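Heads up, upload-v8.cif below (mmCIF, C-alpha atoms):
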data_structure
#
loop_
_atom_site.label_atom_id
_atom_site.label_comp_id
_atom_site.auth_asym_id
_atom_site.auth_seq_id
_atom_site.Cartn_x
_atom_site.Cartn_y
_atom_site.Cartn_z
CA MET A 1 -25.00 29.94 -39.02
CA SER A 2 -27.18 28.39 -41.66
CA GLY A 3 -30.52 30.08 -41.17
CA PRO A 4 -32.78 31.99 -38.81
CA SER A 5 -34.42 28.78 -37.63
CA ASN A 6 -31.48 27.69 -35.52
CA ALA A 7 -30.39 31.20 -34.54
CA SER A 8 -33.76 32.22 -33.15
CA ASN A 9 -33.11 30.31 -29.95
CA MET A 10 -29.54 31.46 -29.41
CA VAL A 11 -28.64 32.98 -26.08
CA VAL A 12 -25.57 34.86 -24.97
CA GLY A 13 -23.87 34.69 -21.57
CA LEU A 14 -21.59 37.53 -20.50
CA ASP A 15 -19.28 36.87 -17.56
CA ILE A 16 -17.79 40.24 -16.57
CA GLY A 17 -15.07 39.05 -14.25
CA THR A 18 -12.32 40.83 -12.39
CA SER A 19 -9.57 39.35 -14.56
CA LYS A 20 -11.41 38.75 -17.85
CA VAL A 21 -14.67 39.32 -19.72
CA VAL A 22 -16.07 36.25 -21.51
CA ALA A 23 -18.96 36.25 -23.99
CA ILE A 24 -20.35 32.83 -24.98
CA VAL A 25 -23.02 32.23 -27.64
CA GLY A 26 -24.96 28.98 -27.47
CA GLN A 27 -28.19 27.26 -28.41
CA PRO A 28 -30.08 24.34 -26.90
CA THR A 29 -29.57 20.80 -28.16
CA ASP A 30 -32.42 18.28 -28.19
CA ASP A 31 -31.03 16.36 -25.21
CA GLY A 32 -31.01 19.37 -22.90
CA GLY A 33 -27.38 20.29 -23.48
CA ILE A 34 -25.85 23.33 -25.15
CA GLU A 35 -24.19 23.73 -28.54
CA ILE A 36 -21.54 26.44 -28.22
CA ALA A 37 -21.40 28.52 -31.41
CA GLY A 38 -18.92 31.21 -30.43
CA ILE A 39 -16.77 32.45 -27.60
CA GLY A 40 -14.88 35.70 -27.02
CA SER A 41 -12.56 36.59 -24.18
CA HIS A 42 -10.71 39.77 -23.31
CA PRO A 43 -8.69 40.82 -20.24
CA SER A 44 -10.78 42.91 -17.89
CA ARG A 45 -9.31 46.19 -16.72
CA GLY A 46 -12.13 48.12 -15.08
CA MET A 47 -13.19 45.72 -12.31
CA LYS A 48 -12.04 45.13 -8.77
CA LYS A 49 -13.33 42.33 -6.53
CA GLY A 50 -16.32 41.84 -8.82
CA VAL A 51 -17.51 45.46 -9.00
CA VAL A 52 -17.05 48.09 -11.69
CA ILE A 53 -14.42 50.71 -10.81
CA ASN A 54 -13.92 52.11 -14.31
CA ILE A 55 -16.82 52.22 -16.75
CA GLU A 56 -14.75 53.11 -19.85
CA SER A 57 -12.32 50.21 -19.44
CA THR A 58 -15.12 47.75 -18.69
CA VAL A 59 -17.07 48.87 -21.77
CA GLN A 60 -14.01 48.33 -23.97
CA SER A 61 -13.41 44.85 -22.57
CA ILE A 62 -17.08 43.88 -23.08
CA GLN A 63 -17.03 45.21 -26.65
CA ARG A 64 -13.91 43.24 -27.56
CA ALA A 65 -15.21 40.00 -26.06
CA VAL A 66 -18.63 40.38 -27.72
CA GLU A 67 -17.12 41.22 -31.13
CA GLU A 68 -14.91 38.14 -30.96
CA ALA A 69 -17.88 35.92 -30.05
CA GLU A 70 -19.98 37.48 -32.86
CA LEU A 71 -17.27 36.79 -35.42
CA MET A 72 -16.87 33.19 -34.35
CA ALA A 73 -20.62 32.50 -34.23
CA GLY A 74 -21.32 34.53 -37.38
CA CYS A 75 -24.21 36.36 -35.74
CA ASP A 76 -25.14 39.73 -34.27
CA ILE A 77 -25.53 39.87 -30.52
CA HIS A 78 -28.32 42.05 -29.12
CA SER A 79 -28.91 41.05 -25.55
CA VAL A 80 -27.01 39.14 -22.88
CA TYR A 81 -27.44 37.30 -19.60
CA VAL A 82 -24.92 38.89 -17.24
CA GLY A 83 -23.27 37.46 -14.12
CA ILE A 84 -22.72 39.52 -10.96
CA ALA A 85 -20.47 38.92 -7.93
CA GLY A 86 -18.90 40.97 -5.15
CA SER A 87 -18.98 41.46 -1.39
CA HIS A 88 -22.08 43.65 -1.68
CA ILE A 89 -24.24 40.58 -2.33
CA SER A 90 -26.17 39.21 0.61
CA SER A 91 -28.55 36.32 0.92
CA MET A 92 -31.01 34.86 3.43
CA ASN A 93 -33.71 32.23 3.71
CA SER A 94 -37.26 33.50 4.09
CA ASP A 95 -40.78 32.08 4.50
CA GLY A 96 -44.12 33.12 3.08
CA VAL A 97 -47.67 31.88 3.66
CA VAL A 98 -51.01 32.49 1.86
CA ALA A 99 -54.49 31.01 1.79
CA ILE A 100 -55.17 28.82 -1.26
CA LYS A 101 -58.06 30.53 -3.10
CA GLU A 102 -59.83 27.67 -4.88
CA ARG A 103 -58.77 24.85 -2.51
CA GLU A 104 -56.37 23.76 -5.26
CA VAL A 105 -52.97 25.35 -5.84
CA ALA A 106 -53.01 27.51 -8.97
CA PRO A 107 -50.04 29.37 -10.53
CA THR A 108 -51.37 32.61 -9.00
CA ASP A 109 -51.21 31.06 -5.50
CA ILE A 110 -47.57 30.12 -6.08
CA GLU A 111 -46.85 33.63 -7.29
CA ARG A 112 -48.57 35.14 -4.22
CA VAL A 113 -46.78 32.93 -1.72
CA ILE A 114 -43.41 33.71 -3.28
CA ASP A 115 -44.24 37.43 -3.22
CA SER A 116 -45.08 37.14 0.47
CA ALA A 117 -41.75 35.40 1.10
CA ARG A 118 -39.81 38.10 -0.74
CA ALA A 119 -41.56 40.85 1.21
CA ARG A 120 -38.83 40.68 3.87
CA ALA A 121 -37.41 44.10 4.72
CA ILE A 122 -34.64 44.64 2.16
CA SER A 123 -32.18 47.27 3.35
CA GLU A 124 -31.94 50.61 1.57
CA GLY A 125 -29.92 50.55 -1.63
CA GLN A 126 -30.29 46.78 -2.15
CA ARG A 127 -32.15 45.14 -5.02
CA VAL A 128 -33.61 41.62 -5.07
CA LEU A 129 -31.78 39.55 -7.69
CA HIS A 130 -33.29 36.11 -7.09
CA VAL A 131 -36.10 34.52 -5.15
CA LEU A 132 -35.23 30.83 -5.31
CA PRO A 133 -37.92 28.45 -4.03
CA GLN A 134 -36.51 25.67 -1.83
CA GLU A 135 -39.67 23.83 -0.82
CA PHE A 136 -43.38 24.26 -0.18
CA ALA A 137 -45.80 23.04 2.46
CA ILE A 138 -49.55 22.60 2.09
CA ASP A 139 -51.42 22.61 5.42
CA THR A 140 -49.23 20.26 7.50
CA GLN A 141 -47.61 18.42 4.59
CA GLY A 142 -44.03 19.70 4.10
CA GLY A 143 -41.23 18.96 1.66
CA ILE A 144 -43.29 19.54 -1.49
CA ARG A 145 -41.27 20.60 -4.52
CA GLU A 146 -43.99 21.13 -7.12
CA PRO A 147 -47.24 22.22 -5.40
CA LEU A 148 -49.21 23.02 -8.56
CA GLY A 149 -52.63 21.32 -8.62
CA MET A 150 -52.46 19.99 -5.05
CA SER A 151 -55.42 20.38 -2.70
CA GLY A 152 -55.32 22.29 0.56
CA VAL A 153 -56.19 25.46 2.44
CA ARG A 154 -52.87 27.02 3.33
CA LEU A 155 -49.72 27.23 1.18
CA GLU A 156 -46.29 27.97 2.63
CA ALA A 157 -43.04 28.56 0.77
CA ARG A 158 -39.44 28.61 1.90
CA VAL A 159 -37.20 30.60 -0.44
CA HIS A 160 -33.60 31.73 -0.71
CA LEU A 161 -33.46 35.50 -1.29
CA VAL A 162 -30.41 37.03 -2.96
CA THR A 163 -29.95 40.81 -2.96
CA ALA A 164 -27.24 43.01 -4.45
CA ALA A 165 -26.24 46.65 -4.05
CA LEU A 166 -28.39 48.70 -6.41
CA ASN A 167 -25.49 50.88 -7.58
CA ALA A 168 -23.33 47.82 -8.41
CA VAL A 169 -26.18 46.39 -10.50
CA GLN A 170 -26.79 49.72 -12.23
CA ASN A 171 -23.11 50.15 -13.08
CA ILE A 172 -23.00 46.72 -14.72
CA GLU A 173 -26.20 47.49 -16.66
CA LYS A 174 -24.73 50.83 -17.72
CA CYS A 175 -21.58 49.17 -19.09
CA VAL A 176 -23.59 46.61 -21.06
CA ARG A 177 -25.99 49.24 -22.46
CA ARG A 178 -23.05 51.43 -23.50
CA CYS A 179 -22.06 48.57 -25.79
CA GLY A 180 -25.49 48.77 -27.46
CA LEU A 181 -26.70 45.58 -25.77
CA ASP A 182 -29.77 44.86 -23.67
CA VAL A 183 -29.65 42.98 -20.37
CA ASP A 184 -31.90 39.88 -20.40
CA ALA A 185 -31.22 39.20 -16.73
CA ILE A 186 -28.59 39.69 -14.06
CA ILE A 187 -27.65 36.42 -12.40
CA LEU A 188 -25.59 35.61 -9.33
CA GLU A 189 -22.34 34.14 -10.65
CA GLN A 190 -22.11 31.12 -8.37
CA LEU A 191 -25.71 30.27 -9.20
CA ALA A 192 -24.81 30.31 -12.89
CA SER A 193 -21.63 28.27 -12.35
CA SER A 194 -23.58 25.66 -10.38
CA HIS A 195 -25.80 25.03 -13.44
CA ALA A 196 -22.69 24.22 -15.47
CA VAL A 197 -20.63 22.10 -13.08
CA LEU A 198 -22.83 20.32 -10.52
CA THR A 199 -24.54 17.00 -11.15
CA GLU A 200 -28.12 16.29 -10.08
CA ASP A 201 -26.82 13.73 -7.55
CA GLU A 202 -24.51 16.25 -5.92
CA ARG A 203 -27.34 18.73 -5.42
CA GLU A 204 -29.51 16.04 -3.89
CA LEU A 205 -26.82 14.62 -1.58
CA GLY A 206 -25.58 18.04 -0.53
CA VAL A 207 -22.61 19.87 -2.02
CA CYS A 208 -20.62 23.06 -1.50
CA MET A 209 -19.53 24.68 -4.77
CA VAL A 210 -16.58 27.08 -4.56
CA ASP A 211 -15.91 29.22 -7.64
CA ILE A 212 -12.46 30.79 -7.25
CA GLY A 213 -12.12 33.62 -9.74
CA GLY A 214 -9.71 36.51 -10.08
CA GLY A 215 -11.32 38.98 -7.69
CA THR A 216 -13.82 37.00 -5.63
CA THR A 217 -14.46 33.47 -4.41
CA ASP A 218 -18.15 32.63 -4.72
CA ILE A 219 -19.77 29.91 -2.63
CA ALA A 220 -23.08 28.10 -3.11
CA VAL A 221 -24.41 25.30 -0.88
CA PHE A 222 -27.08 22.89 -2.15
CA THR A 223 -28.93 20.21 -0.20
CA GLU A 224 -31.94 18.15 -1.25
CA GLY A 225 -31.84 19.64 -4.72
CA ALA A 226 -32.26 23.27 -3.66
CA ILE A 227 -29.87 26.13 -3.00
CA ARG A 228 -29.56 26.80 0.74
CA HIS A 229 -26.74 29.28 1.21
CA THR A 230 -24.67 31.69 -0.88
CA ALA A 231 -21.68 33.83 0.07
CA VAL A 232 -18.86 35.82 -1.50
CA ILE A 233 -15.30 36.01 -0.12
CA PRO A 234 -13.16 38.89 -1.47
CA ILE A 235 -9.98 36.78 -1.69
CA ALA A 236 -9.08 35.00 -4.93
CA GLY A 237 -6.49 34.69 -7.70
CA ASP A 238 -5.49 38.35 -7.76
CA GLN A 239 -4.34 38.08 -4.15
CA VAL A 240 -2.16 35.11 -5.02
CA THR A 241 -0.58 37.03 -7.92
CA ASN A 242 -0.07 40.01 -5.64
CA ASP A 243 1.63 37.85 -3.00
CA ILE A 244 4.02 36.47 -5.64
CA ALA A 245 4.76 39.97 -6.95
CA MET A 246 5.51 41.27 -3.45
CA ALA A 247 7.50 38.29 -2.18
CA LEU A 248 9.57 37.81 -5.34
CA ARG A 249 9.76 41.55 -6.12
CA THR A 250 8.64 41.04 -9.69
CA PRO A 251 6.14 43.07 -11.81
CA THR A 252 2.51 41.94 -11.60
CA GLN A 253 2.22 40.64 -15.18
CA HIS A 254 5.32 38.45 -14.64
CA ALA A 255 3.92 37.27 -11.29
CA GLU A 256 0.73 36.21 -13.08
CA GLU A 257 2.72 34.22 -15.68
CA ILE A 258 4.84 32.55 -12.99
CA LYS A 259 1.67 31.65 -11.06
CA VAL A 260 -0.03 30.08 -14.09
CA LYS A 261 3.07 28.17 -15.27
CA TYR A 262 4.89 27.08 -12.14
CA ALA A 263 2.95 27.68 -8.95
CA CYS A 264 1.92 24.82 -6.68
CA ALA A 265 -0.49 25.16 -3.75
CA LEU A 266 1.12 22.47 -1.63
CA THR A 267 4.80 22.88 -0.73
CA GLN A 268 5.54 19.16 -0.35
CA LEU A 269 4.47 18.51 -3.96
CA ALA A 270 6.91 21.07 -5.39
CA ALA A 271 10.43 19.95 -6.25
CA SER A 272 13.21 21.89 -4.51
CA ASP A 273 15.65 21.23 -7.35
CA GLU A 274 13.38 22.59 -10.10
CA MET A 275 14.43 26.19 -10.79
CA ILE A 276 12.48 29.00 -12.43
CA LYS A 277 13.59 32.38 -13.77
CA VAL A 278 12.07 35.37 -12.01
CA PRO A 279 12.25 38.72 -13.86
CA SER A 280 13.21 41.68 -11.66
CA VAL A 281 11.79 45.19 -11.50
CA GLY A 282 13.53 47.82 -13.63
CA ASP A 283 16.63 46.71 -15.54
CA ARG A 284 18.05 44.42 -12.86
CA PRO A 285 18.95 40.91 -14.02
CA ALA A 286 16.50 38.02 -13.58
CA ARG A 287 17.03 35.67 -10.62
CA ASP A 288 16.71 31.91 -10.17
CA LEU A 289 14.29 30.52 -7.62
CA SER A 290 13.20 27.00 -6.72
CA ARG A 291 9.59 25.92 -7.31
CA GLN A 292 9.45 25.00 -3.66
CA SER A 293 10.15 28.58 -2.55
CA LEU A 294 7.36 29.73 -4.87
CA ALA A 295 4.98 27.19 -3.31
CA GLU A 296 5.90 28.55 0.14
CA VAL A 297 4.54 31.93 -0.98
CA VAL A 298 1.37 30.52 -2.57
CA GLU A 299 0.33 27.90 -0.03
CA PRO A 300 -0.49 30.23 2.92
CA ARG A 301 -2.87 32.27 0.72
CA TYR A 302 -4.77 29.19 -0.49
CA GLU A 303 -4.82 27.89 3.06
CA GLU A 304 -6.32 31.18 4.26
CA LEU A 305 -8.91 31.09 1.46
CA PHE A 306 -10.01 27.50 2.16
CA THR A 307 -10.13 28.19 5.89
CA LEU A 308 -12.44 31.17 5.25
CA VAL A 309 -14.64 28.98 3.04
CA ARG A 310 -14.74 26.28 5.74
CA ASP A 311 -15.69 28.88 8.38
CA GLU A 312 -18.44 30.19 6.11
CA LEU A 313 -19.73 26.64 5.63
CA ARG A 314 -19.72 26.10 9.41
CA ARG A 315 -21.55 29.37 10.03
CA SER A 316 -24.19 28.44 7.48
CA GLY A 317 -24.96 25.28 9.48
CA PHE A 318 -24.64 23.01 6.44
CA GLU A 319 -21.15 21.60 7.03
CA ASP A 320 -22.46 18.17 8.09
CA LEU A 321 -25.06 18.07 5.31
CA VAL A 322 -22.78 18.27 2.26
CA ALA A 323 -22.21 14.56 1.75
CA ALA A 324 -20.96 15.03 -1.81
CA GLY A 325 -18.18 17.26 -0.48
CA VAL A 326 -16.68 20.31 -2.17
CA VAL A 327 -16.62 21.10 -5.89
CA LEU A 328 -14.00 23.66 -6.93
CA THR A 329 -14.23 25.60 -10.18
CA GLY A 330 -13.04 28.92 -11.62
CA GLY A 331 -9.64 29.78 -13.11
CA THR A 332 -7.77 29.94 -9.81
CA SER A 333 -8.74 26.35 -8.92
CA ARG A 334 -6.54 25.03 -11.75
CA MET A 335 -3.27 24.74 -9.86
CA GLU A 336 -1.25 21.71 -8.87
CA GLY A 337 -1.85 20.79 -5.24
CA VAL A 338 -5.13 22.71 -4.83
CA VAL A 339 -7.29 19.58 -4.43
CA GLU A 340 -4.86 17.97 -1.98
CA LEU A 341 -4.64 21.15 0.13
CA ALA A 342 -8.43 21.60 0.07
CA GLU A 343 -9.02 18.00 1.20
CA GLU A 344 -6.62 18.54 4.09
CA ILE A 345 -8.58 21.61 5.23
CA PHE A 346 -12.17 20.50 4.54
CA HIS A 347 -11.74 16.83 5.56
CA MET A 348 -14.14 15.83 2.80
CA PRO A 349 -13.88 14.82 -0.87
CA VAL A 350 -12.89 17.64 -3.26
CA ARG A 351 -12.99 17.67 -7.05
CA ILE A 352 -12.25 20.30 -9.70
CA ALA A 353 -15.14 20.70 -12.11
CA CYS A 354 -15.43 21.87 -15.71
CA PRO A 355 -18.62 22.88 -17.55
CA GLN A 356 -20.75 19.85 -18.51
CA ASN A 357 -23.38 19.17 -21.21
CA VAL A 358 -21.65 21.29 -23.85
CA ARG A 359 -20.97 20.53 -27.50
CA GLY A 360 -19.46 22.48 -30.33
CA LEU A 361 -16.37 24.14 -28.94
CA ALA A 362 -16.34 21.63 -26.09
CA ASP A 363 -12.55 21.32 -25.98
CA VAL A 364 -12.34 25.10 -25.51
CA VAL A 365 -15.04 25.54 -22.88
CA ARG A 366 -14.32 22.38 -20.88
CA ASN A 367 -12.17 24.50 -18.65
CA PRO A 368 -13.04 25.78 -15.17
CA ILE A 369 -12.40 29.39 -16.27
CA TYR A 370 -15.56 29.21 -18.41
CA SER A 371 -17.84 27.75 -15.73
CA THR A 372 -19.70 31.01 -15.11
CA GLY A 373 -20.06 31.85 -18.82
CA VAL A 374 -21.42 28.41 -19.72
CA GLY A 375 -23.55 28.42 -16.56
CA LEU A 376 -25.20 31.67 -17.68
CA LEU A 377 -26.24 29.87 -20.88
CA HIS A 378 -27.60 26.89 -18.93
CA TYR A 379 -29.57 29.31 -16.74
CA ALA A 380 -30.91 31.25 -19.75
CA LEU A 381 -31.89 28.13 -21.69
CA ASN A 382 -33.60 26.62 -18.65
CA GLU A 383 -35.62 29.78 -18.50
CA ALA A 384 -36.36 29.72 -22.24
CA ARG A 385 -37.45 26.07 -22.04
CA GLN A 386 -39.99 26.96 -19.37
CA GLY A 387 -41.17 29.88 -21.52
CA HIS A 388 -42.10 27.72 -24.52
CA GLY A 389 -45.77 27.82 -25.44
CA GLN A 390 -46.27 30.89 -23.28
CA GLN A 391 -47.42 33.83 -25.29
CA GLU A 392 -45.68 36.56 -23.38
CA SER A 393 -42.15 35.23 -23.67
CA SER A 394 -42.20 34.09 -27.28
CA GLY A 395 -39.07 35.40 -28.93
CA SER A 396 -37.89 37.21 -25.85
CA SER A 397 -35.03 34.78 -25.38
CA MET A 398 -33.60 35.67 -28.76
CA SER A 399 -30.24 37.19 -27.94
CA ALA A 400 -28.47 36.71 -31.24
CA GLN A 401 -29.51 36.67 -34.88
CA PRO A 402 -27.76 35.66 -38.08
CA ARG A 403 -25.94 38.51 -39.79
CA ARG A 404 -28.21 39.79 -42.50
CA GLY A 405 -28.25 43.51 -43.10
CA ASP A 406 -29.88 45.54 -40.36
CA VAL A 407 -31.34 43.56 -37.50
CA SER A 408 -33.99 45.07 -35.28
CA ARG A 409 -33.02 45.69 -31.65
CA ARG A 410 -35.17 44.60 -28.78
CA GLY A 411 -36.48 47.35 -26.54
CA ALA A 412 -34.38 47.94 -23.44
CA GLY A 413 -35.42 46.05 -20.36
CA GLU A 414 -37.99 43.89 -22.16
CA GLY A 415 -37.46 40.78 -20.06
CA ILE A 416 -39.18 37.49 -19.45
CA PRO A 417 -42.25 38.03 -17.23
CA ALA A 418 -41.94 37.21 -13.54
CA LEU A 419 -44.27 34.22 -13.64
CA VAL A 420 -42.30 32.57 -16.43
CA LYS A 421 -39.11 33.17 -14.47
CA LEU A 422 -40.70 31.54 -11.44
CA LYS A 423 -41.69 28.48 -13.38
CA GLY A 424 -38.13 28.35 -14.68
CA TRP A 425 -36.99 28.36 -11.10
CA PHE A 426 -39.15 25.45 -10.04
CA LYS A 427 -37.96 23.40 -12.95
CA GLY A 428 -34.36 24.50 -12.56
CA ASN A 429 -34.24 23.78 -8.85
CA PHE A 430 -36.61 20.88 -8.32
#
Entire entry expressed as structure tokens:
Amino acid sequence: MSGPSNASNMVVGLDIGTSKVVAIVGQPTDDGGIEIAGIGSHPSRGMKKGVVINIESTVQSIQRAVEEAELMAGCDIHSVYVGIAGSHISSMNSDGVVAIKEREVAPTDIERVIDSARARAISEGQRVLHVLPQEFAIDTQGGIREPLGMSGVRLEARVHLVTAALNAVQNIEKCVRRCGLDVDAIILEQLASSHAVLTEDERELGVCMVDIGGGTTDIAVFTEGAIRHTAVIPIAGDQVTNDIAMALRTPTQHAEEIKVKYACALTQLAASDEMIKVPSVGDRPARDLSRQSLAEVVEPRYEELFTLVRDELRRSGFEDLVAAGVVLTGGTSRMEGVVELAEEIFHMPVRIACPQNVRGLADVVRNPIYSTGVGLLHYALNEARQGHGQQESSGSSMSAQPRRGDVSRRGAGEGIPALVKLKGWFKGNF
């Protein structure tokens, strides 16, 4: 990095996944994209289905990934935006209403109405992660996206509330702090991914994004530019690997390799005469197996996963409103036959998406496995852009600094104030 001027606005995304930890360092470009300066990845050992099950192992994985990203970007990392997933996450839509004080909507009115919408009874042991405004109404006029400065007496807000288990959040924070890093914010993973892979048109038309990772499959539904529904399904790539290991009686690490190299999600696409070597357990000799037999093991699991996603979409009530269809992303979406199988089950267009609006190491990060990591940067920079010119957040988005002797650490938990975050949300979502 040449100087502090361009490093002062660097942000760092940390995707602590079930199969790998990814740290990505980036900075905003003038056209609203992201210049990727460094990336580090390390296999994750201490996670299961998106939650921490071993703090020591997770800390080691985070440290390795962060060190690698620091070396590549030539900077010191101090604070990170972290993604969170897991079955403990729940979400709902909620309404709030307040009287407009001065007959014209001021930022404080927006803050109050959002507070009233988030005042829904949150169950014990849950923590609010996001309050995402969908739309506002003033008196009888609905469908307003940016109410600031409008005249009226009564302001209503409809928001999407996302909550997570407090202990799951605390364990992730603990792991990150153990690495000597501060947490800028904790962000729902599919929300982050959606910033990286969805186009503006898709959000407007209506789209269902499905991020298939190692431990969890995260779903986010957007219509009319706003997020309407989120869900997490605890079936993903690890289950597929496990199925292969059990059916072919081969050790897990070999099953993973076979899956990545040869697996196909649709049996009729796999050739029956193409053979693959399958290592056995212990010192037994390896066996030969056709690719078609492998596909017969893999297909039912993908079919089950897509059926669960379809059921979730039906339950949410948005199945007929996602005109842009389904967008798949995440490492486990990168298999031959996945799109064809998904189209058969969803009966709508399906595409596999990679992170967009990235420069620098674009050839590296244009890969669905980095969608969440790049999305965390998009989310963070959106927030930083809203924070410009606002006293309280100046400098608070500085996550990385050029290596120059001792660099001061930011105080723990010193985040971007709630109001700035809110503004970020309006701009990000509307």
Query raised in the report: When the PyMOL selection byres ((chain A and resi 189) around 6) is applied to the file above, which residues end up in the set, as a ChimeraX atom specification?
Result: /A:83-85,188,190-192
Requested in this report: Could you tell me which residues the PyMOL selection byres ((chain A and resi 172) around 12) returns for this structure, as a ChimeraX atom specification?
Outcome: /A:14-17,46-47,50-56,58-59,62,80-86,164-171,173-179,181-183,185-187
**Report entry** Close residues, stretch 231-242 of chain A itself excluded, 7 Å, all atoms listed in the file, min 2 positions apart in chain, as a PyMOL selection string
**Finding:** chain A and resi 49+86-87+212-220+229+244-246+252+255-256+259+298+301+305+332
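The nearest approach to A:Val339 among the residues A:Ser316, A:Leu289, A:Thr307, A:Ala265, with only C-alpha atoms taken into account, belongs to A:Ala265.
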Near A:Ser290, within 7 Å and counting only C-alpha atoms, which residues show up once chain neighbours fewer than 4 positions away are dropped, as a short mmCIF file (atom, residue, chain, number, x, y, z; two decimals) with C-alpha atoms, in the coordinates of the input?
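This went into out30.cif:
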data_model
loop_
_atom_site.label_atom_id
_atom_site.label_comp_id
_atom_site.auth_asym_id
_atom_site.auth_seq_id
_atom_site.Cartn_x
_atom_site.Cartn_y
_atom_site.Cartn_z
CA SER A 272 13.21 21.89 -4.51
CA ASP A 273 15.65 21.23 -7.35
CA GLU A 274 13.38 22.59 -10.10
CA MET A 275 14.43 26.19 -10.79
CA ILE A 276 12.48 29.00 -12.43
CA LEU A 294 7.36 29.73 -4.87
#
Report task. Tell me which protein, DNA and RNA residues are within 6 Å of stretch 355-365 of chain A, counting only C-alpha atoms, leaving out same-chain ones fewer than 3 positions away, and put them as a list of chain:residue names. Result ->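 The neighbour list is A:Gly33, A:Ile34, A:Glu35, A:Ile36, A:Ala196, A:Val197, A:Tyr370, A:Ser371.
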**Report entry** Among the residues A:Gly337, A:Gly206, A:Pro279, A:Gly40, the one that comes closest to A:Val22 [using all atoms listed in the file]
**Finding:**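 Closest residue, counting all atoms listed in the file: A:Gly40.
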Query raised in the report: In Å, with one decimal, what is the gap from atom CA of A:His254 to atom CA of A:Asp211?
Result: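 So the two atoms, atom CA of A:His254 and atom CA of A:Asp211, lie 24.2 Å apart.
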Could you get me a file of stretch 267-280 of chain A with N, CA and C atoms, as a PDB file, in the first residue's frame, taken from the block above?
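Result saved to result-v1.pdb:
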ATOM      1  N   THR A 267     -28.192 -37.088 -12.390  1.00  0.00           N
ATOM      2  CA  THR A 267     -27.681 -38.375 -12.854  1.00  0.00           C
ATOM      3  C   THR A 267     -27.613 -38.466 -14.376  1.00  0.00           C
ATOM      4  N   GLN A 268     -28.629 -37.911 -15.067  1.00  0.00           N
ATOM      5  CA  GLN A 268     -28.618 -38.100 -16.529  1.00  0.00           C
ATOM      6  C   GLN A 268     -27.508 -37.321 -17.226  1.00  0.00           C
ATOM      7  N   LEU A 269     -26.870 -36.390 -16.531  1.00  0.00           N
ATOM      8  CA  LEU A 269     -25.758 -35.652 -17.147  1.00  0.00           C
ATOM      9  C   LEU A 269     -24.431 -36.388 -16.983  1.00  0.00           C
ATOM     10  N   ALA A 270     -24.381 -37.339 -16.035  1.00  0.00           N
ATOM     11  CA  ALA A 270     -23.113 -38.016 -15.752  1.00  0.00           C
ATOM     12  C   ALA A 270     -22.942 -39.219 -16.676  1.00  0.00           C
ATOM     13  N   ALA A 271     -21.733 -39.387 -17.184  1.00  0.00           N
ATOM     14  CA  ALA A 271     -21.470 -40.500 -18.103  1.00  0.00           C
ATOM     15  C   ALA A 271     -21.279 -41.796 -17.313  1.00  0.00           C
ATOM     16  N   SER A 272     -21.897 -42.880 -17.804  1.00  0.00           N
ATOM     17  CA  SER A 272     -21.784 -44.150 -17.076  1.00  0.00           C
ATOM     18  C   SER A 272     -20.456 -44.836 -17.379  1.00  0.00           C
ATOM     19  N   ASP A 273     -19.799 -44.415 -18.481  1.00  0.00           N
ATOM     20  CA  ASP A 273     -18.539 -45.086 -18.830  1.00  0.00           C
ATOM     21  C   ASP A 273     -17.316 -44.341 -18.299  1.00  0.00           C
ATOM     22  N   GLU A 274     -17.539 -43.205 -17.625  1.00  0.00           N
ATOM     23  CA  GLU A 274     -16.408 -42.453 -17.064  1.00  0.00           C
ATOM     24  C   GLU A 274     -16.142 -42.982 -15.654  1.00  0.00           C
ATOM     25  N   MET A 275     -14.947 -43.536 -15.434  1.00  0.00           N
ATOM     26  CA  MET A 275     -14.654 -44.171 -14.143  1.00  0.00           C
ATOM     27  C   MET A 275     -13.786 -43.256 -13.268  1.00  0.00           C
ATOM     28  N   ILE A 276     -13.994 -43.382 -11.955  1.00  0.00           N
ATOM     29  CA  ILE A 276     -13.130 -42.641 -11.023  1.00  0.00           C
ATOM     30  C   ILE A 276     -12.598 -43.605  -9.971  1.00  0.00           C
ATOM     31  N   LYS A 277     -11.413 -43.275  -9.435  1.00  0.00           N
ATOM     32  CA  LYS A 277     -10.800 -44.109  -8.392  1.00  0.00           C
ATOM     33  C   LYS A 277     -11.297 -43.646  -7.035  1.00  0.00           C
ATOM     34  N   VAL A 278     -11.758 -44.608  -6.228  1.00  0.00           N
ATOM     35  CA  VAL A 278     -12.245 -44.263  -4.896  1.00  0.00           C
ATOM     36  C   VAL A 278     -11.344 -44.916  -3.846  1.00  0.00           C
ATOM     37  N   PRO A 279     -10.608 -44.112  -3.062  1.00  0.00           N
ATOM     38  CA  PRO A 279      -9.742 -44.702  -2.026  1.00  0.00           C
ATOM     39  C   PRO A 279     -10.596 -45.392  -0.960  1.00  0.00           C
ATOM     40  N   SER A 280     -10.093 -46.484  -0.412  1.00  0.00           N
ATOM     41  CA  SER A 280     -10.829 -47.203   0.630  1.00  0.00           C
ATOM     42  C   SER A 280     -10.318 -46.822   2.015  1.00  0.00           C
TER      43      SER A 280
END
